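Working notes, beginning with the structure itself.
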Amino acid sequence: MIMLDASGLEKTFVLHLQGGTRLPVLRGAALTAQAGECVALTGPSGAGKSTLLRALYGNYLVDAGRILVRHRGGMVDIARAAPEQVLALRRETLGYVSQFLRAMPRVSTLDIVAAPLLERGEAAPAARAKAAALLSRLNVSPRLHALPPVTFSGGEQQRVNLARAFVCDWPVLLLDEPTASLDPANRDTVIALMQEAKARGAALIGIFHDSFVRDAVADAVLRLDPVKEDA
Amino acid sequence: MTLLEARHLYKRFGTIEALDGVSLSLRRHEILAIVGESGSGKSTLLNVLAGREAPDAGEVLYDGAPIAALGELELRRLQRSRWGFIHQDPRQALRLNVSAGGNIGERLMAAGGRNYGGIRRTAAQWLEAVEIDPARLDDYPRNFSGGMMQRLQIAATLVTGPELVFMDEPTGGLDVSVQARILDLIRGLVRQLGLAAVLVTHDIGVARLLADRIVVMRRGQIVETGLTDQVLDDPHHEYTQLLVSSVLPV
């Protein structure tokens with residue numbers, strides 16, 4: 001079953017503060033992700049991998065093309081969806097793992113991780129229990145759960161971020177370097193979490209610089225190359 | 001599901017077009033931030049949306065009905081019961097010579113509350129909700145710190161259970177550490193109470209933390225609008241790119 005089907009994607013950044021410099025990044029990019037499969041985006045840096053991933057999440061707006069996502073039984077084009085539809089997609093269907101945690105002052109680690117579940121309407125005790133279990137699995141010590149992660153190390157923050165991303169059973173999961181800055185033990189846990197997500201039928205699309213991780217989870221590879229400026 | 005809508009608003013002060021054809025809409029439970037530099041017209045827009053100033057042309061609709069058609073009394077009633085307004089300076093909203101509990105109780109009585117004991121209990125609960133020791137119920141806000149006064153204003157605004165709250169730079173003029181606490185409080189209360197809100201701020205970090213959607217204003221016009229993360233991570237308009245790139249990273 002196709003979970004995400006994107007085609008004809010075009011994206012050019014126009015930098016007004018740099019004299020209107022135009023940076024073409026995506027030119028006709030296309031990608032299909034099936035339930036239970038993982039597509040790895042590869043290519044040199046600057047090829048537009050992160051841009052594509054952010055476009056699939058509706059974070060960057062594409063100039064042309066469509067991004068159909070299976071949502072509530074139908075296909076919704078996130079490139080054209082109204083703001084509240086994009087928010088509903090992100091609440092129920094599309095998960096996104098960024099490289100950095102956006103920590104908030106005064107909000108505890110446990111609440112940051114449980115937040116996606118609470119937004120879906122899950123009861124607080126159940127959401128917190130799931131959050132705590134996942135944090136422990138990612139070796140975030142229980143004595144840190146009540147603290148805001150603002151002061152945590154980079155590696156700890158990344159594991160909090162991963163717990164937040166994997167706490168929900170997303171039908172489609174987008175991952176930007178999920179194992180960067182992790183030690184081998186935690187990296188293996190994240191590989192296991194991705195394999196479990198695939199096993200329950202999620203479609204994964206990710207950027208994995210670590211070829212060990214890529215080989216462990218990817219079923220297909222999409223290679224992107226930098227757009228050549230046409231003369 | 002549209003709760004508030006502005007259609008083609010114009011407002012001129014002398015030679016300045018404070019509002020130059022502004023249209024927008026707000027859904028129930030949605031938080032909309034209006035960002036822009038001072039003089040962009042964002043505060044004028046807030047005041048017109050909240051019925052505190054009349055536009056020269058255009059109209060504001062609440063629940064589908066133009067607020068200009070309401071009598072002065074009806075508008076006041078709406079502003080006191082179903083709406084709330086949080087000012088940058090809490091002194092504009094609070095009576096400094098009336099106790100903290102009195103400031104909260106007044107709003108309840110204006111909304112029809114008559115049971116003294118019940119009003120006192122509710123006031124105490126609201127002090128707790130905004131992290132003020134309920135033992136300070138009978139203290140005067142003139143003796144409160146700036147952050148505490150702001151929290152009292154929030155309690156006095158939310159006590160009547162409004163469904164729409166207008167906020168004008170609610171953390172402006174406060175120390176950063178105090179700001180964080182207020183923002184966290186607002187974030188929690190807004191979600192918990194299912195409020196819709198229009199928030200004016202020049203601070204992009206505040207918009208990022210609180211808002212679902214952003215409109216960017218410049219010289220009385222909306223130059224860009226979209227989901228908060230779209231506008232801030234992929235700004236298209238020259239002015240938005242300038243605003244976003246002017247924020248110092250931490």
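As shown in the structure tokens, the chain order sets the letters A, B, ...; within each chain, residues go from 1, and ligands are also counted from 1 in the order they appear.
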Each residue of range 151-176 of chain B lying at most 7 Å from range 118-134 of chain B should get a row with its shortest atom-to-atom pair and the distance in Å to one decimal, counting only C-alpha atoms; could you produce that, ordered by chain and increasing number, as CSV?
```
residue,atom,partner,partner_atom,distance
B:Arg151,CA,B:Val130,CA,5.7
B:Ala155,CA,B:Trp126,CA,5.7
B:Val159,CA,B:Trp126,CA,6.9
```
*asked:* Show me, as a PyMOL selection string, the residues that have an atom within 9 Å of range 240-245 of chain B when counting only C-alpha atoms, minus same-chain residues fewer than 2 positions from it.
replied: (chain A and resi 15-17) or (chain B and resi 36-37+204+216-217+223-224+231-238+247-248)
Selection file, N, CA and C atoms, as a PDB file, in the first residue's frame:
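selection.pdb written:
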```
ATOM      1  N   LEU A  15      16.912  34.339  -2.134  1.00  0.00           N
ATOM      2  CA  LEU A  15      17.484  35.035  -0.985  1.00  0.00           C
ATOM      3  C   LEU A  15      17.473  36.543  -1.253  1.00  0.00           C
ATOM      4  N   HIS A  16      16.420  37.188  -0.731  1.00  0.00           N
ATOM      5  CA  HIS A  16      16.259  38.611  -1.022  1.00  0.00           C
ATOM      6  C   HIS A  16      17.368  39.451  -0.411  1.00  0.00           C
ATOM      7  N   LEU A  17      17.902  38.976   0.729  1.00  0.00           N
ATOM      8  CA  LEU A  17      18.923  39.780   1.403  1.00  0.00           C
ATOM      9  C   LEU A  17      20.277  39.630   0.734  1.00  0.00           C
TER      10      LEU A  17
ATOM     11  N   GLY B  36       5.806  41.763  13.401  1.00  0.00           N
ATOM     12  CA  GLY B  36       6.241  42.897  12.608  1.00  0.00           C
ATOM     13  C   GLY B  36       6.936  43.876  13.522  1.00  0.00           C
ATOM     14  N   GLU B  37       7.630  44.838  12.933  1.00  0.00           N
ATOM     15  CA  GLU B  37       8.334  45.816  13.753  1.00  0.00           C
ATOM     16  C   GLU B  37       7.356  46.872  14.254  1.00  0.00           C
ATOM     17  N   ILE B 204      10.042  36.914  17.620  1.00  0.00           N
ATOM     18  CA  ILE B 204       9.772  35.734  16.815  1.00  0.00           C
ATOM     19  C   ILE B 204       9.809  34.454  17.659  1.00  0.00           C
ATOM     20  N   VAL B 216       2.629  38.197   8.973  1.00  0.00           N
ATOM     21  CA  VAL B 216       3.711  39.166   9.060  1.00  0.00           C
ATOM     22  C   VAL B 216       3.202  40.478   8.490  1.00  0.00           C
ATOM     23  N   MET B 217       3.304  41.551   9.307  1.00  0.00           N
ATOM     24  CA  MET B 217       2.809  42.850   8.860  1.00  0.00           C
ATOM     25  C   MET B 217       3.934  43.827   8.625  1.00  0.00           C
ATOM     26  N   VAL B 223       2.235  40.892   4.619  1.00  0.00           N
ATOM     27  CA  VAL B 223       3.117  40.540   3.505  1.00  0.00           C
ATOM     28  C   VAL B 223       3.319  39.031   3.391  1.00  0.00           C
ATOM     29  N   GLU B 224       3.054  38.298   4.463  1.00  0.00           N
ATOM     30  CA  GLU B 224       3.230  36.851   4.393  1.00  0.00           C
ATOM     31  C   GLU B 224       2.412  36.201   5.499  1.00  0.00           C
ATOM     32  N   VAL B 231       6.514  29.763   7.880  1.00  0.00           N
ATOM     33  CA  VAL B 231       6.909  31.166   7.709  1.00  0.00           C
ATOM     34  C   VAL B 231       8.307  31.417   8.284  1.00  0.00           C
ATOM     35  N   LEU B 232       8.610  30.811   9.439  1.00  0.00           N
ATOM     36  CA  LEU B 232       9.890  31.096  10.079  1.00  0.00           C
ATOM     37  C   LEU B 232      11.042  30.289   9.484  1.00  0.00           C
ATOM     38  N   ASP B 233      10.765  29.068   8.994  1.00  0.00           N
ATOM     39  CA  ASP B 233      11.846  28.236   8.446  1.00  0.00           C
ATOM     40  C   ASP B 233      12.037  28.450   6.946  1.00  0.00           C
ATOM     41  N   ASP B 234      10.996  28.884   6.264  1.00  0.00           N
ATOM     42  CA  ASP B 234      11.077  29.072   4.811  1.00  0.00           C
ATOM     43  C   ASP B 234      10.393  30.388   4.432  1.00  0.00           C
ATOM     44  N   PRO B 235      10.939  31.508   4.967  1.00  0.00           N
ATOM     45  CA  PRO B 235      10.294  32.797   4.695  1.00  0.00           C
ATOM     46  C   PRO B 235      10.473  33.187   3.229  1.00  0.00           C
ATOM     47  N   HIS B 236       9.403  33.662   2.623  1.00  0.00           N
ATOM     48  CA  HIS B 236       9.470  34.001   1.199  1.00  0.00           C
ATOM     49  C   HIS B 236       9.647  35.494   0.960  1.00  0.00           C
ATOM     50  N   HIS B 237       8.968  36.304   1.766  1.00  0.00           N
ATOM     51  CA  HIS B 237       9.015  37.745   1.521  1.00  0.00           C
ATOM     52  C   HIS B 237      10.314  38.343   2.060  1.00  0.00           C
ATOM     53  N   GLU B 238      10.790  39.332   1.348  1.00  0.00           N
ATOM     54  CA  GLU B 238      12.032  40.010   1.741  1.00  0.00           C
ATOM     55  C   GLU B 238      12.000  40.465   3.207  1.00  0.00           C
ATOM     56  N   VAL B 247      17.374  37.706  14.089  1.00  0.00           N
ATOM     57  CA  VAL B 247      17.347  37.126  15.432  1.00  0.00           C
ATOM     58  C   VAL B 247      18.716  36.548  15.749  1.00  0.00           C
ATOM     59  N   LEU B 248      19.262  36.929  16.901  1.00  0.00           N
ATOM     60  CA  LEU B 248      20.559  36.382  17.288  1.00  0.00           C
ATOM     61  C   LEU B 248      20.391  34.937  17.739  1.00  0.00           C
TER      62      LEU B 248
END
```
*asked:* Distance limit 8 Å, atoms considered: only C-alpha atoms. Which chain A residues sit that close to chain B? Return them as JSON, numbers by chain.
replied: {"A": [14, 15, 16, 17, 58, 59, 60, 61, 83, 105, 106, 107]}
_With only C-alpha atoms as the counted atoms, please give the residues lying no more than 10 Å from range 52-55 of chain A, apart from itself and same-chain residues fewer than 3 positions off, as a PyMOL selection string._
(chain A and resi 6+9-11+25-26+29-31+41+47-49+58-62+67+78-79+96+98+174-176+205-207+224) or (chain B and resi 230+233-234)
*asked:* If I take CA of Leu204 in chain A and CA of Arg27 in chain A, how far is one from the other in Å, to one decimal?
replied: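 Distance between the two atoms: 22.4 Å.
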